[in-house]
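Peer 1: Dropping the structure in here first, questions after.
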Amino acid sequence: MSGDKLTGFSPLMRIADKVIVVTGGANGIGAALCRRFSAEGAKAVVVADIDGDAAARIATEIGGLAVQTDVARAADVERLVDNVHSRYGAIDLFCSNAGIAVDGGEETPDSEWQRCWDVNVMAHVLAARVVLPGMIARGQGYLLQTVSAAGLITHIHSATYAVTKHASLAFAEWLAIAYGDRGVRVSVLCPLGVRTEMLRRAASGGRTFLLDSALEPEQVADVVVKGLADERFLILPHPEVAEYFRRKAADHDRWLRGMRKLRAQNR
């Protein structure tokens, strides 16, 4: 493995020759990231997904390693990291990309609230617990966490998604503050609509307002590579999200009125 210090993908840190793990790597954004990292010359791309067969197909396609993983189970995450460490020695970039969305508000069953919390938040915590010690010991490492624009703004149809994505953003911010001076870099990926199965399900239910600006997963992967090279904390495939976030901060009440109107138009 390269001995480069992780002070940025360019010029000292490159995707080339790095060991990268992508959870939720079998489909959508995760699969696009795996393909792009492989094309960039990564030493190893580990495709971790609860769907082991789908993970194996992507891994076979790119010459990577598939590890069936339920990111909400601590034992699975520990097994994943131990497997990668035993094969490759270290993890340079860990992408906590797996996520789920469930429509509904406060009436959403407790079991669904818990499932969303476990996948969208605790999976990031579990991964950090097992990968950070090695990164801190080496004085280098990178965590990429797929948060969604919902973490910065909201989700007008899913309370569980809005709440858990806000929480995952807060955790990423905390990690960047706690470990940024110890060589660990953190980025969050916050797209709006992306043409994945999640968006297709929403559109089939009549909620099509994100389709016009939706990106292909491959476009998101392109932005990720550039964002990591710049060590940007916020990686925004849809640049307009930054303006939405600024408007929210500048006048929260006006923003809430706008969100109510958007929700009324897209029930």
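Chain lettering (A, B, ...) mirrors the order of the structure tokens, residue numbering begins at 1 for each chain separately, and ligand numbering begins at 1 in order of display.
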Using only C-alpha atoms, determine which residues lie at most 7 Å from Ser168 in chain A, disregarding the query and same-chain residues fewer than 4 positions distant; provide the list as a PyMOL selection string.

Peer 2: chain A and resi 120-121+147+164+172

Peer 1: Using only C-alpha atoms, tabulate the residues of range 78-160 of chain A lying at most 6 Å from any atom of range 19-25 of chain A, each with its closest atom pair and that distance in Å to one decimal, by chain and increasing residue number, as a tab-separated table.

Peer 2:
```
residue	atom	partner	partner_atom	distance
A:Ile91	CA	A:Val19	CA	5.3
A:Asp92	CA	A:Val19	CA	5.3
A:Leu93	CA	A:Ile20	CA	4.8
A:Phe94	CA	A:Val21	CA	4.9
A:Cys95	CA	A:Val22	CA	4.7
A:Ser96	CA	A:Thr23	CA	5.4
A:Asn97	CA	A:Thr23	CA	5.2
A:Ala98	CA	A:Gly24	CA	4.1
```

Peer 1: With the cut-off set at 10 Å and counting only C-alpha atoms, tabulate each residue of range 70-153 of chain A with an atom at most that distance from an atom of range 219-236 of chain A, showing the nearest atom pair and its distance in Å to one decimal, ordered by chain and increasing number, as a tab-separated table.

Peer 2:
```
residue	atom	partner	partner_atom	distance
A:Tyr142	CA	A:Leu228	CA	8.9
A:Leu143	CA	A:Leu228	CA	9.9
A:Leu144	CA	A:Leu228	CA	8.5
A:Gln145	CA	A:Phe233	CA	9.9
A:Thr146	CA	A:Ile235	CA	9.4
A:Val147	CA	A:Leu234	CA	9.8
A:Ser148	CA	A:Leu236	CA	9.0
A:Ala149	CA	A:Leu236	CA	8.1
A:Leu152	CA	A:Leu234	CA	9.9
```

Peer 1: Of the residues A:Ile62, A:Val163, A:Ala56, A:Val188, which is the one nearest to Ala42 in chain A, using only C-alpha atoms?

Peer 2: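 Of the candidates, the smallest distance to Ala42 in chain A is held by A:Ile62.
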
Peer 1: Hey, what's within 9 Å of range 129-137 of chain A if we count only C-alpha atoms and toss same-chain stuff fewer than 4 positions away? As a PyMOL selection string, please?

Peer 2: chain A and resi 77-78+81-82+90-92+94+124-125+141-142+179+182-184

Peer 1: Rounded to one decimal in Å, what is the spacing between CA of Asp103 in chain A and CA of Ser158 in chain A?

Peer 2: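 Interatomic distance, CA of Asp103 in chain A to CA of Ser158 in chain A: 4.4 Å.
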
Peer 1: List as a PDB file with N, CA, C and O atoms, in the first residue's frame the protein and nucleic acid residues near range 66-70 of chain A, meaning an atom at most 6 Å away when only C-alpha atoms are counted, but skip any in the same chain fewer than 4 places from it.

Peer 2:
```
ATOM      1  N   VAL A  46     -14.044  -2.954  -2.091  1.00  0.00           N
ATOM      2  CA  VAL A  46     -14.821  -3.957  -1.376  1.00  0.00           C
ATOM      3  C   VAL A  46     -16.292  -3.562  -1.446  1.00  0.00           C
ATOM      4  O   VAL A  46     -16.681  -2.489  -0.983  1.00  0.00           O
ATOM      5  N   VAL A  47     -17.092  -4.424  -2.043  1.00  0.00           N
ATOM      6  CA  VAL A  47     -18.525  -4.171  -2.237  1.00  0.00           C
ATOM      7  C   VAL A  47     -19.264  -4.850  -1.091  1.00  0.00           C
ATOM      8  O   VAL A  47     -19.399  -6.068  -1.055  1.00  0.00           O
ATOM      9  N   ALA A  48     -19.738  -4.051  -0.149  1.00  0.00           N
ATOM     10  CA  ALA A  48     -20.464  -4.581   1.006  1.00  0.00           C
ATOM     11  C   ALA A  48     -21.938  -4.281   0.840  1.00  0.00           C
ATOM     12  O   ALA A  48     -22.323  -3.136   0.600  1.00  0.00           O
ATOM     13  N   ASP A  49     -22.778  -5.300   0.969  1.00  0.00           N
ATOM     14  CA  ASP A  49     -24.212  -5.091   0.781  1.00  0.00           C
ATOM     15  C   ASP A  49     -24.966  -6.220   1.462  1.00  0.00           C
ATOM     16  O   ASP A  49     -24.462  -7.351   1.558  1.00  0.00           O
ATOM     17  N   ILE A  50     -26.175  -5.916   1.908  1.00  0.00           N
ATOM     18  CA  ILE A  50     -26.997  -6.954   2.522  1.00  0.00           C
ATOM     19  C   ILE A  50     -27.415  -7.996   1.490  1.00  0.00           C
ATOM     20  O   ILE A  50     -27.678  -9.149   1.832  1.00  0.00           O
ATOM     21  N   GLY A  52     -26.066 -10.230  -0.872  1.00  0.00           N
ATOM     22  CA  GLY A  52     -24.774 -10.813  -1.195  1.00  0.00           C
ATOM     23  C   GLY A  52     -24.611 -11.160  -2.661  1.00  0.00           C
ATOM     24  O   GLY A  52     -23.526 -10.993  -3.230  1.00  0.00           O
ATOM     25  N   ALA A  55     -24.014  -7.973  -4.599  1.00  0.00           N
ATOM     26  CA  ALA A  55     -22.658  -7.506  -4.302  1.00  0.00           C
ATOM     27  C   ALA A  55     -21.633  -8.310  -5.089  1.00  0.00           C
ATOM     28  O   ALA A  55     -20.655  -7.759  -5.621  1.00  0.00           O
ATOM     29  N   ALA A  56     -21.858  -9.608  -5.184  1.00  0.00           N
ATOM     30  CA  ALA A  56     -20.932 -10.469  -5.912  1.00  0.00           C
ATOM     31  C   ALA A  56     -20.901 -10.118  -7.394  1.00  0.00           C
ATOM     32  O   ALA A  56     -19.839 -10.170  -8.031  1.00  0.00           O
ATOM     33  N   ALA A  59     -18.818  -6.971  -7.723  1.00  0.00           N
ATOM     34  CA  ALA A  59     -17.420  -7.297  -7.438  1.00  0.00           C
ATOM     35  C   ALA A  59     -16.785  -8.054  -8.600  1.00  0.00           C
ATOM     36  O   ALA A  59     -15.627  -7.795  -8.968  1.00  0.00           O
ATOM     37  N   ASP A  76     -21.622  -7.882  11.936  1.00  0.00           N
ATOM     38  CA  ASP A  76     -21.381  -7.885  10.491  1.00  0.00           C
ATOM     39  C   ASP A  76     -20.354  -6.824  10.105  1.00  0.00           C
ATOM     40  O   ASP A  76     -19.471  -7.073   9.262  1.00  0.00           O
TER      41      ASP A  76
END
```

Peer 1: Fewer than 4 positions away in the same chain doesn't count, so skip those; otherwise give me all residues within 9 Å of Val102 in chain A, counting only C-alpha atoms, as a VMD selection string.

Peer 2: chain A and resid 108 112 to 113 116 157 to 161

Peer 1: Give the strand (DSSP E or B) residues of range 2-118 of chain A, as assigned by DSSP on the backbone, as a list in words.

Peer 2: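 Going through range 2-118 of chain A, the strand (DSSP E or B) residues come out as Val19, Ile20, Val21, Val22, Thr23, Ala44, Val45, Val46, Val47, Ala48, Asp49, Leu65, Ala66, Val67, Gln68, Leu93, Phe94, Cys95, Ser96 and Gly104 of chain A.
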
Peer 1: Env of Met259 in chain A: 12 Å cut, atoms = only C-alpha atoms, seq-sep filter 6 positions within chain, self excluded. Answer as a list in words.

Peer 2: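 In the requested form, the answer reads Ile153, Thr154, His155, Ile156, His157, Tyr244, Arg247, Lys248, His252, Asp253, Gln265 and Asn266 of chain A.
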
Peer 1: Which one of A:Phe171, A:Glu240, A:Arg138, A:Gly104 sits closest to Ala123 in chain A if you count only C-alpha atoms?

Peer 2: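 Residue with the minimum atom-to-atom distance to Ala123 in chain A: A:Phe171.
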
Peer 1: In Å, with one decimal, what is the gap from CA of Pro191 in chain A to CA of Arg257 in chain A?

Peer 2: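 Those two atoms sit 22.5 Å apart.
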
Peer 1: Within 9 Å of Arg115 in chain A, counting only C-alpha atoms, which residues show up once you throw out same-chain ones fewer than 5 positions away? Write them as a list of chain:residue names, please.

Peer 2: A:Ala72, A:Ile100, A:Asp110, A:Asn120

Peer 1: Let's have the selection written as a tab-separated table (two decimals), in the first residue's frame, with N, CA and C atoms.

Peer 2:
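Everything below was put into out.tsv:
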```
chain	number	residue	atom	x	y	z
A	72	ALA	N	-26.49	-2.67	9.87
A	72	ALA	CA	-27.12	-2.37	11.14
A	72	ALA	C	-26.71	-3.35	12.24
A	100	ILE	N	-31.91	3.72	3.83
A	100	ILE	CA	-33.28	3.33	3.51
A	100	ILE	C	-34.20	4.52	3.74
A	110	ASP	N	-43.05	2.09	15.43
A	110	ASP	CA	-41.77	2.13	16.14
A	110	ASP	C	-40.72	1.26	15.46
A	120	ASN	N	-29.58	4.28	8.86
A	120	ASN	CA	-29.17	5.62	8.42
A	120	ASN	C	-28.26	6.34	9.40
```

Peer 1: For the atom pair CA of Ala32 in chain A and CA of Lys18 in chain A, what is the interatomic distance in Å to one decimal place?

Peer 2: 17.1 Å
